[in-house]
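Only one structure is covered here, and it is reproduced in the block below.
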Amino acid sequence: MSQAPLIPSKPGGSLGSRLVVATIVIAAFTALAWADATGLGDGPQAAWLLPVAFVVATGGGLEAVRLAALRGVPLASLVVPTATAVIAISPAVAVWTGVADSAQPWAVMGATTMACVAAVGALFATEVARYASGGIALVRLAGSLLAVIAIGLPVAFIVGLRLLEPHTPRPETMPWISLLPLASLIAVVKAGDIAAYAIGSLVGRHRMAPALSPGKTWEGAAASLTASVFVAWLVIDRWGAGASWQPLGGWPFFGLLVGAAGMAGDLSESLVKRELAAKDSGASLGGMGGFLDLIDSLLFAAPVAWVLWVAGR
């Protein structure tokens, strides 16, 4: 059976437009991360970065609804993005409200588990309320559950990484150490993304998954892992020198596992887009596509990074 042609979600973004959007995103995130690390405004832990998680999770949920609609599956357009966002921000809300202590990370993620349970119940209730005999209630429910859990839960682990705060003997001169777990995830995964694209485009010859994502090559994958391990060394061993603990296995183990998980996340989103006949997840970020295009490689990598940092304590 032939595959459906890909449906563009945006006008083709040139390299120039992608670089402009990427520069704006990096600059904005860096400013918010600095404000968060230095405690600007005396807000609670993660106060400046949590809105980023909320926007990304909500945007990802909305994109999932739109993508499913391309194949005639009308997901719960209000419940899906709402539930995704609630799950994503639940670790920080649990800490802010005193339900959990950030010094006990497994307890913090227990609040996220309860948020997932509540989301499942809300999605079932939605389908019960609009049920009609002979419809596709189970298909809609399965799609909604996949979107909410596959987006909201990994973003919650990203928030959880921000709530892990390694200490340093010189906190007044090294406030950025509190960002080390989160920064290590983003830097390692995105370095792998960039290396895979650059090397794969220049010298890539052997395709990894030609039917799924023709542009991905084994040469690019090797470059991605190499870059991930190198950046793990830079961030964890060099930039993070003086932190009170490191992830389990140190920077080599972290770079390999998180880098490999990042590639798996990227391929997984390619599978979803291919099945739904979409070129991009959306057009919210201009030349970079949608929110899911931005965070796809982080979704599988975030839980791996969180477990390694927590186990390293």
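Ordered as shown in the structure tokens, chains take letters A, B, and onward, while each chain numbers its residues from 1 and ligands are numbered from 1 in the order shown.
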
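Using only C-alpha atoms, the residues found no farther than 8 Å from stretch 188-202 of chain A, other than those of its own chain fewer than 6 positions away, are Gly215, Lys216, Thr217, Trp218, Glu219, Gly220, Ala221, Ala222, Ala223, Ser224, Leu225, Thr226, Ala227, Ser228, Val229, Val231, Ala232, Gly255, Val258, Gly259, Gly262, Met263, Ser297, Leu298 and Ala301 of chain A.
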
Inset, instruction - Name the residues in contact with A:Pro154 at a cut-off of 8 Å, using only C-alpha atoms, excluding same-chain residues fewer than 6 positions from it; report them as a PyMOL selection string. - result: chain A and resi 88+298-300+302-303

Export of prior selection with C-alpha atoms as a compact mmCIF listing (two decimals), in the first residue's frame:
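Produced file again.txt, reproduced below:
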# COMPACT_ATOMS: atom_id res chain seq x y z
CA ALA A 88 4.07 18.96 32.54
CA LEU A 298 14.19 15.76 24.31
CA LEU A 299 11.08 13.70 24.99
CA PHE A 300 12.78 10.31 25.26
CA ALA A 302 14.49 13.68 29.57
CA PRO A 303 13.45 10.64 31.67

List as a short mmCIF file (atom, residue, chain, number, x, y, z; two decimals) with N, CA and C atoms, in the first residue's frame the protein and nucleic acid residues near stretch 119-136 of chain A, meaning an atom at most 6 Å away when only C-alpha atoms are counted, but skip any in the same chain fewer than 3 places from it.
data_model
loop_
_atom_site.label_atom_id
_atom_site.label_comp_id
_atom_site.auth_asym_id
_atom_site.auth_seq_id
_atom_site.Cartn_x
_atom_site.Cartn_y
_atom_site.Cartn_z
N ALA A 83 -4.67 18.80 29.63
CA ALA A 83 -4.10 17.70 30.42
C ALA A 83 -2.59 17.60 30.22
N CYS A 116 -1.19 12.24 35.82
CA CYS A 116 -1.45 11.35 34.68
C CYS A 116 -2.74 10.57 34.88
N VAL A 139 -10.46 4.81 19.12
CA VAL A 139 -9.37 5.40 18.34
C VAL A 139 -9.05 6.80 18.86
#

Legend entry - Distance query A:Ser102 at most 7 Å, only C-alpha atoms, self and fewer than 3 positions along chain excluded, as a list in words: Val95, Pro105, Val108, Leu163 and Leu164 of chain A

Legend entry - Selection: 12 Å around A:Pro181, only C-alpha atoms, excl. self and same-chain fewer than 2 positions, as a PyMOL selection string: chain A and resi 157-167+176-179+183-188+232+235-236+239-240+243-248+251+254+258+302-310+312-313

Could you list, with a cut-off of 7 Å and counting only C-alpha atoms, the residues of stretch 198-313 of chain A near stretch 49-73 of chain A, each shown with its nearest atom pair and the distance in Å rounded to one decimal, rows sorted by chain and ascending number, as a Markdown table?
| residue | atom | partner | partner_atom | distance |
| --- | --- | --- | --- | --- |
| A:Leu276 | CA | A:Arg71 | CA | 6.0 |
| A:Ser281 | CA | A:Glu63 | CA | 6.1 |
| A:Gly282 | CA | A:Glu63 | CA | 6.1 |
| A:Phe291 | CA | A:Gly60 | CA | 5.5 |
| A:Leu292 | CA | A:Gly60 | CA | 5.5 |

Given the selection you just returned, output its residues as a file containing N, CA and C atoms, formatted as a PDB file, in the first residue's frame.
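Written output follows (selection24.pdb):
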ATOM      1  N   LEU A 276       0.887  10.223   9.942  1.00  0.00           N
ATOM      2  CA  LEU A 276      -0.175  11.224   9.821  1.00  0.00           C
ATOM      3  C   LEU A 276       0.011  12.103   8.596  1.00  0.00           C
ATOM      4  N   SER A 281       5.307  19.327  12.552  1.00  0.00           N
ATOM      5  CA  SER A 281       4.244  19.239  13.556  1.00  0.00           C
ATOM      6  C   SER A 281       3.385  20.494  13.594  1.00  0.00           C
ATOM      7  N   GLY A 282       3.904  21.605  13.104  1.00  0.00           N
ATOM      8  CA  GLY A 282       3.152  22.856  13.109  1.00  0.00           C
ATOM      9  C   GLY A 282       3.979  23.975  12.523  1.00  0.00           C
ATOM     10  N   PHE A 291       6.279  23.157  17.966  1.00  0.00           N
ATOM     11  CA  PHE A 291       6.869  22.863  19.261  1.00  0.00           C
ATOM     12  C   PHE A 291       7.392  21.439  19.322  1.00  0.00           C
ATOM     13  N   LEU A 292       6.658  20.503  18.735  1.00  0.00           N
ATOM     14  CA  LEU A 292       7.102  19.108  18.777  1.00  0.00           C
ATOM     15  C   LEU A 292       8.366  18.902  17.948  1.00  0.00           C
TER      16      LEU A 292
END

Legend entry - strand (DSSP E or B) call set, DSSP backbone run, stretch 113-262 of chain A, as a PyMOL selection string: chain A and resi 207-209+213-217

Would you save the residues from that selection as a PDB file, in the first residue's frame, using C-alpha atoms?
ATOM      1  CA  ARG A 207      20.511   5.611   5.555  1.00  0.00           C
ATOM      2  CA  MET A 208      19.255   4.516   8.959  1.00  0.00           C
ATOM      3  CA  ALA A 209      15.543   4.303   8.197  1.00  0.00           C
ATOM      4  CA  SER A 213      13.181   9.381   7.564  1.00  0.00           C
ATOM      5  CA  PRO A 214      15.339   9.356   4.419  1.00  0.00           C
ATOM      6  CA  GLY A 215      17.563  12.186   5.645  1.00  0.00           C
ATOM      7  CA  LYS A 216      18.923  10.312   8.674  1.00  0.00           C
ATOM      8  CA  THR A 217      22.156   8.377   8.127  1.00  0.00           C
TER       9      THR A 217
END

Legend entry - Separation of atom CA of A:Met114 from atom CA of A:Ala46 in Å: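 Computed distance, atom CA of A:Ala46 to atom CA of A:Met114, equals 20.7 Å.
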
Inset, instruction - From a DSSP pass on the backbone, collect the residues of stretch 54-284 of chain A flagged as helix (DSSP H, G or I) and hand them back as an MDAnalysis selection string. - result: chainID A and resid 54:70 79:96 105:129 137:163 175:203 218:239 250:275

Legend entry - Length of the atom CA of A:Ile149 to atom CA of A:Ala283 vector [Å]: 22.3 Å

Legend entry - Gap from atom CA of A:Val21 to atom CA of A:Gly286 - Å, one decimal: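 Atom CA of A:Val21 sits 6.9 Å away from atom CA of A:Gly286.
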
Inset, instruction - Determine the nearest neighbour of A:Val86 from the options A:Ser284, A:Thr113, A:Thr30, A:Gln104, counting only C-alpha atoms. - result: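 Of all the options, A:Thr113 lies closest to A:Val86.
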